[in-house]
Each structure stands twice: as structure tokens, then as C-alpha cells.
file upload_10.cif (mmCIF, C-alpha atoms and all ligand atoms)
data_target
#
loop_
_atom_site.group_PDB
_atom_site.id
_atom_site.type_symbol
_atom_site.label_atom_id
_atom_site.label_comp_id
_atom_site.auth_asym_id
_atom_site.auth_seq_id
_atom_site.Cartn_x
_atom_site.Cartn_y
_atom_site.Cartn_z
ATOM 1 C CA MET A 1 31.203 -6.776 -0.109
ATOM 2 C CA PHE A 2 28.868 -3.961 0.904
ATOM 3 C CA ARG A 3 30.045 -1.163 3.171
ATOM 4 C CA PRO A 4 27.691 0.859 5.406
ATOM 5 C CA GLU A 5 29.210 4.074 4.017
ATOM 6 C CA ASP A 6 27.637 3.126 0.679
ATOM 7 C CA ASP A 7 24.183 3.400 2.255
ATOM 8 C CA GLN A 8 23.520 7.024 1.414
ATOM 9 C CA ALA A 9 24.501 6.568 -2.219
ATOM 10 C CA MET A 10 22.293 3.473 -2.381
ATOM 11 C CA LEU A 11 19.334 5.397 -0.963
ATOM 12 C CA ASP A 12 19.747 8.279 -3.409
ATOM 13 C CA ARG A 13 19.348 6.664 -6.822
ATOM 14 C CA PRO A 14 17.214 8.738 -9.118
ATOM 15 C CA THR A 15 15.236 6.623 -11.587
ATOM 16 C CA ARG A 16 13.093 8.085 -14.344
ATOM 17 C CA TRP A 17 9.521 7.011 -13.724
ATOM 18 C CA GLN A 18 7.655 9.883 -15.400
ATOM 19 C CA SER A 19 7.097 8.098 -18.729
ATOM 20 C CA TYR A 20 4.804 5.584 -16.977
ATOM 21 C CA VAL A 21 2.341 8.309 -15.977
ATOM 22 C CA VAL A 22 -0.856 8.732 -18.020
ATOM 23 C CA PRO A 23 -3.807 11.098 -17.643
ATOM 24 C CA GLN A 24 -6.384 9.838 -15.159
ATOM 25 C CA GLY A 25 -9.105 10.490 -17.731
ATOM 26 C CA TRP A 26 -11.603 11.149 -14.945
ATOM 27 C CA GLU A 27 -14.059 12.663 -17.420
ATOM 28 C CA ILE A 28 -14.287 9.388 -19.339
ATOM 29 C CA PHE A 29 -15.380 7.292 -16.353
ATOM 30 C CA THR A 30 -19.008 6.352 -16.954
ATOM 31 C CA ALA A 31 -21.942 6.637 -14.557
ATOM 32 C CA GLU A 32 -21.623 2.865 -14.141
ATOM 33 C CA ASP A 33 -17.930 3.215 -13.174
ATOM 34 C CA HIS A 34 -18.824 5.761 -10.504
ATOM 35 C CA SER A 35 -21.624 3.609 -9.223
ATOM 36 C CA VAL A 36 -19.253 0.605 -8.938
ATOM 37 C CA TRP A 37 -16.955 2.819 -6.828
ATOM 38 C CA ASP A 38 -19.885 3.874 -4.614
ATOM 39 C CA LEU A 39 -20.958 0.269 -4.157
ATOM 40 C CA LEU A 40 -17.419 -0.898 -3.308
ATOM 41 C CA PHE A 41 -16.854 2.034 -0.978
ATOM 42 C CA ALA A 42 -20.109 1.619 0.971
ATOM 43 C CA ARG A 43 -19.669 -2.140 1.222
ATOM 44 C CA GLN A 44 -16.061 -1.936 2.402
ATOM 45 C CA VAL A 45 -16.604 0.823 4.987
ATOM 46 C CA GLU A 46 -19.453 -1.205 6.462
ATOM 47 C CA LEU A 47 -17.429 -4.413 6.415
ATOM 48 C CA LEU A 48 -14.348 -2.850 8.027
ATOM 49 C CA GLY A 49 -16.172 -0.972 10.767
ATOM 50 C CA SER A 50 -13.476 -0.480 13.398
ATOM 51 C CA ARG A 51 -11.427 -3.496 12.284
ATOM 52 C CA VAL A 52 -8.784 -1.268 10.733
ATOM 53 C CA VAL A 53 -6.160 0.918 12.451
ATOM 54 C CA SER A 54 -7.614 4.299 13.389
ATOM 55 C CA PRO A 55 -5.314 6.438 11.158
ATOM 56 C CA PHE A 56 -6.898 4.666 8.171
ATOM 57 C CA LEU A 57 -10.373 5.860 9.185
ATOM 58 C CA ASP A 58 -8.998 9.346 9.926
ATOM 59 C CA GLY A 59 -7.478 9.389 6.418
ATOM 60 C CA ILE A 60 -10.808 8.487 4.792
ATOM 61 C CA ASP A 61 -12.409 11.495 6.500
ATOM 62 C CA LEU A 62 -9.539 13.846 5.959
ATOM 63 C CA LEU A 63 -9.274 13.109 2.243
ATOM 64 C CA ARG A 64 -13.071 13.225 1.845
ATOM 65 C CA LEU A 65 -13.015 9.839 0.177
ATOM 66 C CA SER A 66 -16.634 9.273 1.153
ATOM 67 C CA HIS A 67 -17.639 11.879 -1.405
ATOM 68 C CA PRO A 68 -19.657 9.960 -4.066
ATOM 69 C CA GLY A 69 -17.938 8.796 -7.243
ATOM 70 C CA ILE A 70 -14.367 7.927 -8.196
ATOM 71 C CA PRO A 71 -12.063 10.590 -6.746
ATOM 72 C CA GLU A 72 -10.417 12.997 -9.138
ATOM 73 C CA LEU A 73 -6.677 12.762 -8.492
ATOM 74 C CA SER A 74 -6.058 16.509 -8.772
ATOM 75 C CA GLU A 75 -8.657 17.171 -6.073
ATOM 76 C CA LEU A 76 -7.230 14.474 -3.848
ATOM 77 C CA ASN A 77 -3.700 15.784 -4.320
ATOM 78 C CA ALA A 78 -4.839 19.277 -3.316
ATOM 79 C CA ILE A 79 -5.528 17.872 0.163
ATOM 80 C CA LEU A 80 -2.874 15.162 0.411
ATOM 81 C CA GLU A 81 0.184 17.003 -0.887
ATOM 82 C CA PRO A 82 0.109 19.954 1.525
ATOM 83 C CA ARG A 83 -0.363 17.495 4.383
ATOM 84 C CA THR A 84 2.388 14.902 3.858
ATOM 85 C CA GLY A 85 4.045 15.743 0.538
ATOM 86 C CA TRP A 86 2.544 12.646 -1.116
ATOM 87 C CA ARG A 87 0.677 12.873 -4.382
ATOM 88 C CA THR A 88 -1.009 10.411 -6.685
ATOM 89 C CA VAL A 89 -0.430 9.903 -10.414
ATOM 90 C CA ALA A 90 -2.407 7.746 -12.826
ATOM 91 C CA VAL A 91 -0.849 4.673 -14.465
ATOM 92 C CA PRO A 92 -2.429 2.201 -16.903
ATOM 93 C CA GLY A 93 -1.739 -0.856 -14.716
ATOM 94 C CA LEU A 94 1.023 -2.471 -12.696
ATOM 95 C CA VAL A 95 4.390 -0.772 -13.167
ATOM 96 C CA PRO A 96 7.742 -2.610 -12.907
ATOM 97 C CA ASP A 97 9.118 -2.858 -9.369
ATOM 98 C CA ALA A 98 12.050 -0.519 -10.122
ATOM 99 C CA ILE A 99 9.613 2.165 -11.297
ATOM 100 C CA PHE A 100 7.207 1.561 -8.419
ATOM 101 C CA PHE A 101 9.886 1.931 -5.743
ATOM 102 C CA ALA A 102 11.378 4.972 -7.519
ATOM 103 C CA MET A 103 7.944 6.617 -7.356
ATOM 104 C CA LEU A 104 7.556 5.817 -3.652
ATOM 105 C CA ALA A 105 11.009 7.257 -2.999
ATOM 106 C CA GLU A 106 9.691 10.575 -4.320
ATOM 107 C CA ARG A 107 6.371 10.352 -2.448
ATOM 108 C CA VAL A 108 4.432 9.600 -5.610
ATOM 109 C CA PHE A 109 1.782 6.870 -5.480
ATOM 110 C CA PRO A 110 0.652 5.245 -8.752
ATOM 111 C CA VAL A 111 -3.091 4.729 -9.130
ATOM 112 C CA GLY A 112 -4.650 2.570 -11.846
ATOM 113 C CA ASN A 113 -6.691 4.677 -14.271
ATOM 114 C CA PHE A 114 -9.451 2.061 -14.393
ATOM 115 C CA ILE A 115 -11.989 0.420 -12.126
ATOM 116 C CA ARG A 116 -13.240 -3.175 -12.040
ATOM 117 C CA THR A 117 -16.652 -3.987 -13.471
ATOM 118 C CA ARG A 118 -19.695 -4.952 -11.453
ATOM 119 C CA GLU A 119 -19.178 -8.572 -12.596
ATOM 120 C CA GLN A 120 -15.655 -8.576 -11.129
ATOM 121 C CA LEU A 121 -16.372 -6.980 -7.753
ATOM 122 C CA ASP A 122 -14.297 -9.495 -5.822
ATOM 123 C CA TYR A 123 -11.784 -10.706 -8.360
ATOM 124 C CA LEU A 124 -9.062 -8.557 -9.773
ATOM 125 C CA GLU A 125 -6.132 -9.408 -11.995
ATOM 126 C CA ALA A 126 -4.406 -6.074 -11.442
ATOM 127 C CA PRO A 127 -4.961 -3.448 -8.756
ATOM 128 C CA ASP A 128 -7.565 -0.918 -9.888
ATOM 129 C CA CYS A 129 -8.267 2.565 -8.585
ATOM 130 C CA PHE A 130 -10.446 1.221 -5.774
ATOM 131 C CA HIS A 131 -7.587 -0.847 -4.357
ATOM 132 C CA ASP A 132 -5.056 1.940 -4.899
ATOM 133 C CA LEU A 133 -7.125 4.845 -3.607
ATOM 134 C CA PHE A 134 -9.261 3.270 -0.916
ATOM 135 C CA GLY A 135 -6.573 0.853 0.263
ATOM 136 C CA HIS A 136 -3.426 2.962 0.170
ATOM 137 C CA ILE A 137 -4.121 6.662 0.214
ATOM 138 C CA PRO A 138 -5.740 7.056 3.671
ATOM 139 C CA MET A 139 -2.521 5.863 5.367
ATOM 140 C CA LEU A 140 -0.414 8.241 3.271
ATOM 141 C CA ALA A 141 -2.137 11.099 5.097
ATOM 142 C CA HIS A 142 -0.517 9.819 8.340
ATOM 143 C CA HIS A 143 2.827 11.585 8.749
ATOM 144 C CA ASP A 144 4.877 8.711 10.163
ATOM 145 C CA PHE A 145 3.453 6.060 7.853
ATOM 146 C CA ALA A 146 3.991 8.423 4.912
ATOM 147 C CA GLU A 147 7.652 8.744 5.856
ATOM 148 C CA MET A 148 7.949 4.987 6.216
ATOM 149 C CA VAL A 149 6.569 4.299 2.725
ATOM 150 C CA GLU A 150 9.021 6.789 1.200
ATOM 151 C CA HIS A 151 11.835 4.931 2.984
ATOM 152 C CA VAL A 152 10.565 1.602 1.634
ATOM 153 C CA GLY A 153 10.817 3.156 -1.833
ATOM 154 C CA ARG A 154 14.416 4.188 -1.223
ATOM 155 C CA LEU A 155 15.259 0.771 0.202
ATOM 156 C CA GLY A 156 13.606 -0.778 -2.844
ATOM 157 C CA GLN A 157 15.824 1.143 -5.211
ATOM 158 C CA ALA A 158 18.889 0.157 -3.198
ATOM 159 C CA ALA A 159 17.899 -3.514 -3.048
ATOM 160 C CA ILE A 160 17.076 -3.690 -6.760
ATOM 161 C CA GLY A 161 20.426 -2.041 -7.511
ATOM 162 C CA ALA A 162 22.088 -4.843 -5.533
ATOM 163 C CA GLY A 163 20.069 -7.565 -7.302
ATOM 164 C CA GLU A 164 18.045 -8.286 -4.132
ATOM 165 C CA GLY A 165 14.753 -6.586 -4.952
ATOM 166 C CA HIS A 166 12.713 -9.491 -3.584
ATOM 167 C CA ARG A 167 13.782 -8.515 -0.052
ATOM 168 C CA VAL A 168 11.948 -5.208 -0.259
ATOM 169 C CA ALA A 169 9.009 -6.716 -2.135
ATOM 170 C CA GLU A 170 8.529 -9.078 0.814
ATOM 171 C CA LEU A 171 8.965 -6.302 3.379
ATOM 172 C CA TYR A 172 6.443 -4.145 1.530
ATOM 173 C CA TRP A 173 4.005 -7.016 1.181
ATOM 174 C CA HIS A 174 4.003 -7.952 4.880
ATOM 175 C CA SER A 175 3.603 -4.365 6.093
ATOM 176 C CA VAL A 176 2.056 -1.944 3.596
ATOM 177 C CA GLU A 177 -0.104 -4.516 1.751
ATOM 178 C CA PHE A 178 -0.956 -7.377 4.112
ATOM 179 C CA GLY A 179 0.207 -6.317 7.563
ATOM 180 C CA LEU A 180 -1.895 -6.589 10.706
ATOM 181 C CA ALA A 181 -1.243 -4.441 13.785
ATOM 182 C CA MET A 182 -2.249 -4.325 17.433
ATOM 183 C CA GLU A 183 -4.004 -1.149 18.526
ATOM 184 C CA ALA A 184 -5.317 -0.636 22.067
ATOM 185 C CA GLY A 185 -5.076 -4.379 22.697
ATOM 186 C CA GLU A 186 -7.031 -5.374 19.586
ATOM 187 C CA LEU A 187 -5.908 -6.979 16.352
ATOM 188 C CA LYS A 188 -6.527 -4.607 13.415
ATOM 189 C CA ILE A 189 -5.964 -4.417 9.691
ATOM 190 C CA LEU A 190 -3.007 -2.312 8.639
ATOM 191 C CA GLY A 191 -2.308 -3.257 5.008
ATOM 192 C CA ALA A 192 -4.029 -1.855 1.927
ATOM 193 C CA GLY A 193 -4.507 -5.283 0.354
ATOM 194 C CA LEU A 194 -6.566 -6.324 3.366
ATOM 195 C CA ALA A 195 -8.358 -3.004 3.904
ATOM 196 C CA SER A 196 -9.616 -3.025 0.309
ATOM 197 C CA SER A 197 -10.507 -6.735 0.117
ATOM 198 C CA PHE A 198 -14.023 -7.968 0.722
ATOM 199 C CA GLY A 199 -13.022 -11.552 1.478
ATOM 200 C CA GLU A 200 -9.579 -11.293 3.032
ATOM 201 C CA SER A 201 -10.241 -8.467 5.504
ATOM 202 C CA HIS A 202 -12.298 -10.683 7.820
ATOM 203 C CA PHE A 203 -10.345 -13.818 6.967
ATOM 204 C CA SER A 204 -7.048 -12.242 8.054
ATOM 205 C CA LEU A 205 -8.459 -11.309 11.467
ATOM 206 C CA GLU A 206 -10.739 -14.235 12.176
ATOM 207 C CA SER A 207 -9.603 -17.392 10.408
ATOM 208 C CA LYS A 208 -8.299 -20.039 12.763
ATOM 209 C CA GLU A 209 -6.405 -21.731 9.941
ATOM 210 C CA VAL A 210 -3.794 -19.073 9.217
ATOM 211 C CA GLY A 211 -0.595 -18.235 11.042
ATOM 212 C CA ARG A 212 -0.184 -14.833 12.705
ATOM 213 C CA LEU A 213 3.401 -14.149 13.686
ATOM 214 C CA PRO A 214 4.939 -11.100 15.368
ATOM 215 C CA PHE A 215 6.259 -8.652 12.762
ATOM 216 C CA SER A 216 9.978 -8.081 12.473
ATOM 217 C CA VAL A 217 11.872 -6.844 9.456
ATOM 218 C CA GLU A 218 13.934 -10.061 9.498
ATOM 219 C CA LEU A 219 10.856 -12.252 9.351
ATOM 220 C CA ALA A 220 9.133 -10.042 6.759
ATOM 221 C CA VAL A 221 12.113 -10.209 4.432
ATOM 222 C CA HIS A 222 12.231 -14.009 4.658
ATOM 223 C CA THR A 223 8.509 -14.777 4.480
ATOM 224 C CA PRO A 224 7.321 -15.611 0.955
ATOM 225 C CA TYR A 225 3.924 -14.289 -0.048
ATOM 226 C CA ARG A 226 1.096 -15.310 -2.339
ATOM 227 C CA HIS A 227 -0.421 -12.971 -4.844
ATOM 228 C CA ASP A 228 -2.858 -15.490 -6.273
ATOM 229 C CA ALA A 229 -4.580 -16.532 -3.025
ATOM 230 C CA PHE A 230 -5.195 -15.447 0.556
ATOM 231 C CA GLN A 231 -1.993 -15.322 2.580
ATOM 232 C CA PRO A 232 -1.133 -18.475 4.544
ATOM 233 C CA ARG A 233 0.338 -16.295 7.290
ATOM 234 C CA TYR A 234 0.202 -12.679 8.393
ATOM 235 C CA LEU A 235 2.728 -10.647 10.320
ATOM 236 C CA VAL A 236 1.325 -8.675 13.239
ATOM 237 C CA SER A 237 2.965 -5.434 14.345
ATOM 238 C CA ARG A 238 3.125 -4.740 18.054
ATOM 239 C CA SER A 239 1.834 -1.305 17.063
ATOM 240 C CA LEU A 240 1.778 0.814 13.941
ATOM 241 C CA GLU A 241 4.538 2.956 15.469
ATOM 242 C CA SER A 242 6.799 -0.017 16.140
ATOM 243 C CA THR A 243 6.668 -1.055 12.481
ATOM 244 C CA VAL A 244 7.310 2.511 11.340
ATOM 245 C CA ASP A 245 10.347 2.696 13.650
ATOM 246 C CA ALA A 246 11.670 -0.712 12.565
ATOM 247 C CA ILE A 247 11.450 0.102 8.856
ATOM 248 C CA LEU A 248 12.781 3.649 9.193
ATOM 249 C CA GLY A 249 15.738 2.230 11.092
ATOM 250 C CA LEU A 250 16.590 -0.183 8.297
ATOM 251 C CA THR A 251 19.602 0.726 6.146
ATOM 252 C CA PRO A 252 20.363 -0.889 2.790
ATOM 253 C CA SER A 253 23.405 -2.650 4.215
ATOM 254 C CA ARG A 254 21.406 -4.177 7.059
ATOM 255 C CA LEU A 255 18.606 -5.138 4.675
ATOM 256 C CA LEU A 256 21.080 -6.970 2.458
ATOM 257 C CA ASP A 257 22.628 -8.706 5.476
ATOM 258 C CA LEU A 258 19.371 -9.956 6.989
HETATM 259 FE FE FE B 301 -1.422 -2.213 -3.316
#
call {"tool": "encode", "arguments": {"input": "upload_10.cif", "output": "C-alpha cells"}}
result
Amino acid sequence: MFRPEDDQAMLDRPTRWQSYVVPQGWEIFTAEDHSVWDLLFARQVELLGSRVVSPFLDGIDLLRLSHPGIPELSELNAILEPRTGWRTVAVPGLVPDAIFFAMLAERVFPVGNFIRTREQLDYLEAPDCFHDLFGHIPMLAHHDFAEMVEHVGRLGQAAIGAGEGHRVAELYWHSVEFGLAMEAGELKILGAGLASSFGESHFSLESKEVGRLPFSVELAVHTPYRHDAFQPRYLVSRSLESTVDAILGLTPSRLLDL
């Protein structure tokens, strides 16, 4: 039903996402908002230590995310865009999957234009700017990972076009959001959902009650995920590079055949 020669057309599907973008409104963040960011940032850096893949820590330094206060997207983009071609835009909350993947396909990362309150430090209904910026943006300064996430966006558009969007949602979830990876013989956090989570970062590495299975695109695509609780299982990449290679090597036709 699906021919490999259709792959290129499937990967090149422009979708209009621009109407979802809103101003960041950085000037209307309050002193309290900035202090919540500072608290979350300090707490999470301390908690992660070296439990996260090293390009994540390099990205934090490179993008000067340790600068106090919520980052201003235009300032962040001035560093990020010349480096990997990625840029951030503000959105008011979760965007539909088709819009999200269309943004990724153009190296645009949506960032919530709000931050949780002090009373909600560890519980979030929708990803806020701490999750989006602290969790995701450091890895988008890494050239190979940046290329991989763009490809996930293009695969997402292709899969949604074929009525199989859940396949890419699962792939994305088990790599970019909740993936673990080996690095120099140690188990590390790779995914943004883990890197930005107070409770699940340690749980994912240390709990004896969860499954940790070797990452493959086949397994990722067929492993359901939870978005209302900690994951019952995590997929562990042999290395960051091996996951990048596996995802970059995935064509729409193979994804739909898995
Ligand atoms: Fe996320």
C-alpha cells in the first residue's frame, strides 16, 4: 500500500503552524515567576549532578541557562539559532500533535509562555516553560541530536498523514522525553521529561520496580506510555549516538511497517 519512493513526499509536508505562536510576554513575568524559575533551576541542577548525558550539561552552559530568571526567548535564540538552526517560539499551552511535529520539522521548538506556581512545583497539568526550556533546549544545541529531533518532526508529519501518528508519539516519548542512555558505562538520563522532573529523574535511574529495556525503534514504536504517572518501563539507548543513528535511518515506509 505504501511505496518507499513515496518517502520523500511524505517527509516534505508543509503544515501551517504559525498561527499557534504568541508573544512570550517576558516583560509580564513577575518577580515571583522569576524566583520560581531560579528555585526550580537550582534544585534540578543539584539533583541531576552528573546523572544526565554530558551534552545536556554542555548545553546548559552554552546557552547560559544558569543566568538568573526565566530566559528571554529572543536572547536564547541569538545563541541557539546560529549554532544548530533551532529556535524557540512561545505558545499558550500544548499544541496539537500535527502542529507540534510540523514545528519540529522546521527546527522550531514551542515553549509554554507560562511557569508553574510555587504551590505546584512538582505537579503540572501541561508543560510550562521550565519543562520546555530546561528539559529540551540544552540537547537542541547538540548538532546530531538537533538533526534527529528535526527528523522526528518530519516522520511525525508523515505518520499523521498516514493515520498512524501514535507511532511517532511513542518513538518521541521513549527517546526525546523519557529515554535513558548509557554513557561511559553508566546509565544516564537522556529525555527532557526526566531531566526536568524532580521525582522521576532519580526514580528512572534507581527504582528496582521498573523495567529498563534496550532501546530500538521497533520497541519504542510498540511500547505504550503513561502521561499521568511515572513510566512503568524505560528504554535505554546503547549510546546517544546509536539512538540518533537509528532514528535518522528511519524512513516513513519503514516506520509504518514496524
Ligand atoms: Fe516535553
call {"tool": "residues_near_ligand", "arguments": {"input": "upload_10.cif", "ligand": "ligand FE 301 (chain B)", "cutoff": "10 Å", "atoms": "only C-alpha atoms and all ligand atoms", "output": "list in words"}}
result
Leu94, Phe109, Pro110, Val111, Ala126, Pro127, Asp128, Cys129, Phe130, His131, Asp132, Leu133, Phe134, Gly135, His136, Ile137, Tyr172, Trp173, Val176, Glu177, Phe178, Gly191, Ala192, Gly193, Leu194 and Ser196 of chain A
call {"tool": "resolve_selection", "arguments": {"input": "upload_10.cif", "expression": "the PyMOL selection byres (((chain A and resi 204) around 12) and not hetatm)", "output": "PyMOL selection string"}}
result
chain A and resi 48+51-52+178-181+187-191+193-195+197-203+205-212+230-236
call {"tool": "resolve_selection", "arguments": {"input": "upload_10.cif", "expression": "the PyMOL selection byres (((chain A and resi 64-69) around 8) and not hetatm)", "output": "ChimeraX atom specification"}}
result
/A:34-35,37-38,41,60-63,70-71,134
call {"tool": "closest_residue", "arguments": {"input": "upload_10.cif", "among": "A:Asp7, A:Glu46, A:Asn113, A:Ser237", "to": "A:Trp26", "atoms": "all atoms listed in the file"}}
result
A:Asn113
call {"tool": "closest_residue", "arguments": {"input": "upload_10.cif", "among": "A:Pro23, A:Gly49, A:Gly85, A:Gly93", "to": "A:Asp144", "atoms": "all atoms listed in the file"}}
result
A:Gly85
call {"tool": "closest_residue", "arguments": {"input": "upload_10.cif", "among": "A:His143, A:His174, A:His151, A:Arg116", "to": "A:Glu218", "atoms": "all atoms listed in the file"}}
result
A:His174
call {"tool": "residues_around", "arguments": {"input": "upload_10.cif", "residues": "A:Arg16", "least_positions_apart": "5", "cutoff": "12 Å", "atoms": "only C-alpha atoms", "output": "MDAnalysis selection string"}}
result
chainID A and resid 21 98:103 105:106 157
call {"tool": "residues_around", "arguments": {"input": "upload_10.cif", "residues": "A:Gly25", "least_positions_apart": "5", "cutoff": "12 Å", "atoms": "all atoms listed in the file", "output": "MDAnalysis selection string"}}
result
chainID A and resid 30 70:74 89:92 111:115
call {"tool": "atom_distance", "arguments": {"input": "upload_10.cif", "atom1": "atom CA of A:Phe56", "atom2": "atom CA of A:Leu140"}}
result
8.9 Å
call {"tool": "resolve_selection", "arguments": {"input": "upload_10.cif", "expression": "the PyMOL selection byres (((chain A and resi 86) around 10) and not hetatm)", "output": "list in words"}}
result
Asn77, Ile79, Leu80, Glu81, Pro82, Arg83, Thr84, Gly85, Arg87, Thr88, Leu104, Glu106, Arg107, Val108, Phe109, Ile137, Leu140, Ala141, His143, Ala146, Glu147 and Glu150 of chain A
call {"tool": "closest_residue", "arguments": {"input": "upload_10.cif", "among": "A:Ser242, A:Ala169, A:Ile247, A:Glu186", "to": "A:Tyr225", "atoms": "all atoms listed in the file"}}
result
A:Ala169
call {"tool": "closest_residue", "arguments": {"input": "upload_10.cif", "among": "A:Gly249, A:Pro224, A:Pro55, A:Pro96", "to": "A:Ile160", "atoms": "only C-alpha atoms"}}
result
A:Pro96
call {"tool": "atom_distance", "arguments": {"input": "upload_10.cif", "atom1": "atom CA of A:Thr243", "atom2": "atom CA of A:Gln8"}}
result
21.7 Å
call {"tool": "residues_around", "arguments": {"input": "upload_10.cif", "residues": "A:Ala159", "least_positions_apart": "5", "cutoff": "10 Å", "atoms": "all atoms listed in the file", "output": "number ranges by chain"}}
result
A: 10-11, 98, 153-154, 164-169, 252-253, 255-256
call {"tool": "atom_distance", "arguments": {"input": "upload_10.cif", "atom1": "atom CA of A:Tyr20", "atom2": "atom CA of A:Gly156"}}
result
17.8 Å
call {"tool": "build_atoms", "arguments": {"input": "upload_10.cif", "residues": "stretch 150-158 of chain A", "atoms": "all heavy atoms", "output": "compact mmCIF listing (two decimals), in the frame of the given file"}}
result
# COMPACT_ATOMS: atom_id res chain seq x y z
N GLU A 150 7.94 6.19 2.01
CA GLU A 150 9.02 6.79 1.20
C GLU A 150 10.33 6.00 1.42
O GLU A 150 11.06 5.70 0.48
CB GLU A 150 9.24 8.25 1.58
CG GLU A 150 10.38 8.87 0.78
CD GLU A 150 11.03 10.08 1.43
OE1 GLU A 150 10.34 10.84 2.14
OE2 GLU A 150 12.25 10.25 1.24
N HIS A 151 10.59 5.66 2.68
CA HIS A 151 11.84 4.93 2.98
C HIS A 151 11.82 3.54 2.34
O HIS A 151 12.86 3.09 1.84
CB HIS A 151 12.02 4.84 4.50
CG HIS A 151 13.38 4.35 4.89
ND1 HIS A 151 14.54 5.05 4.62
CD2 HIS A 151 13.78 3.21 5.52
CE1 HIS A 151 15.58 4.36 5.07
NE2 HIS A 151 15.15 3.24 5.62
N VAL A 152 10.67 2.90 2.32
CA VAL A 152 10.56 1.60 1.63
C VAL A 152 10.93 1.78 0.16
O VAL A 152 11.63 0.95 -0.43
CB VAL A 152 9.15 0.99 1.78
CG1 VAL A 152 8.99 -0.23 0.89
CG2 VAL A 152 8.87 0.62 3.23
N GLY A 153 10.48 2.88 -0.43
CA GLY A 153 10.82 3.16 -1.83
C GLY A 153 12.32 3.28 -2.03
O GLY A 153 12.90 2.72 -2.97
N ARG A 154 12.97 4.00 -1.10
CA ARG A 154 14.42 4.19 -1.22
C ARG A 154 15.16 2.88 -0.99
O ARG A 154 16.13 2.56 -1.67
CB ARG A 154 14.86 5.29 -0.26
CG ARG A 154 14.49 6.68 -0.82
CD ARG A 154 14.18 7.70 0.25
NE ARG A 154 15.26 8.01 1.15
CZ ARG A 154 16.26 8.87 0.92
NH1 ARG A 154 16.29 9.52 -0.23
NH2 ARG A 154 17.19 9.10 1.81
N LEU A 155 14.66 2.10 -0.03
CA LEU A 155 15.26 0.77 0.20
C LEU A 155 15.07 -0.12 -1.03
O LEU A 155 15.93 -0.91 -1.38
CB LEU A 155 14.62 0.09 1.42
CG LEU A 155 14.97 0.66 2.79
CD1 LEU A 155 14.08 0.02 3.85
CD2 LEU A 155 16.45 0.42 3.14
N GLY A 156 13.90 0.03 -1.66
CA GLY A 156 13.61 -0.78 -2.84
C GLY A 156 14.58 -0.49 -3.96
O GLY A 156 15.10 -1.40 -4.62
N GLN A 157 14.86 0.79 -4.16
CA GLN A 157 15.82 1.14 -5.21
C GLN A 157 17.20 0.57 -4.89
O GLN A 157 17.90 0.05 -5.76
CB GLN A 157 15.92 2.66 -5.32
CG GLN A 157 14.66 3.29 -5.87
CD GLN A 157 14.85 4.77 -6.03
OE1 GLN A 157 14.84 5.52 -5.07
NE2 GLN A 157 15.07 5.20 -7.26
N ALA A 158 17.58 0.67 -3.61
CA ALA A 158 18.89 0.16 -3.20
C ALA A 158 18.96 -1.35 -3.40
O ALA A 158 19.94 -1.89 -3.93
CB ALA A 158 19.14 0.51 -1.73
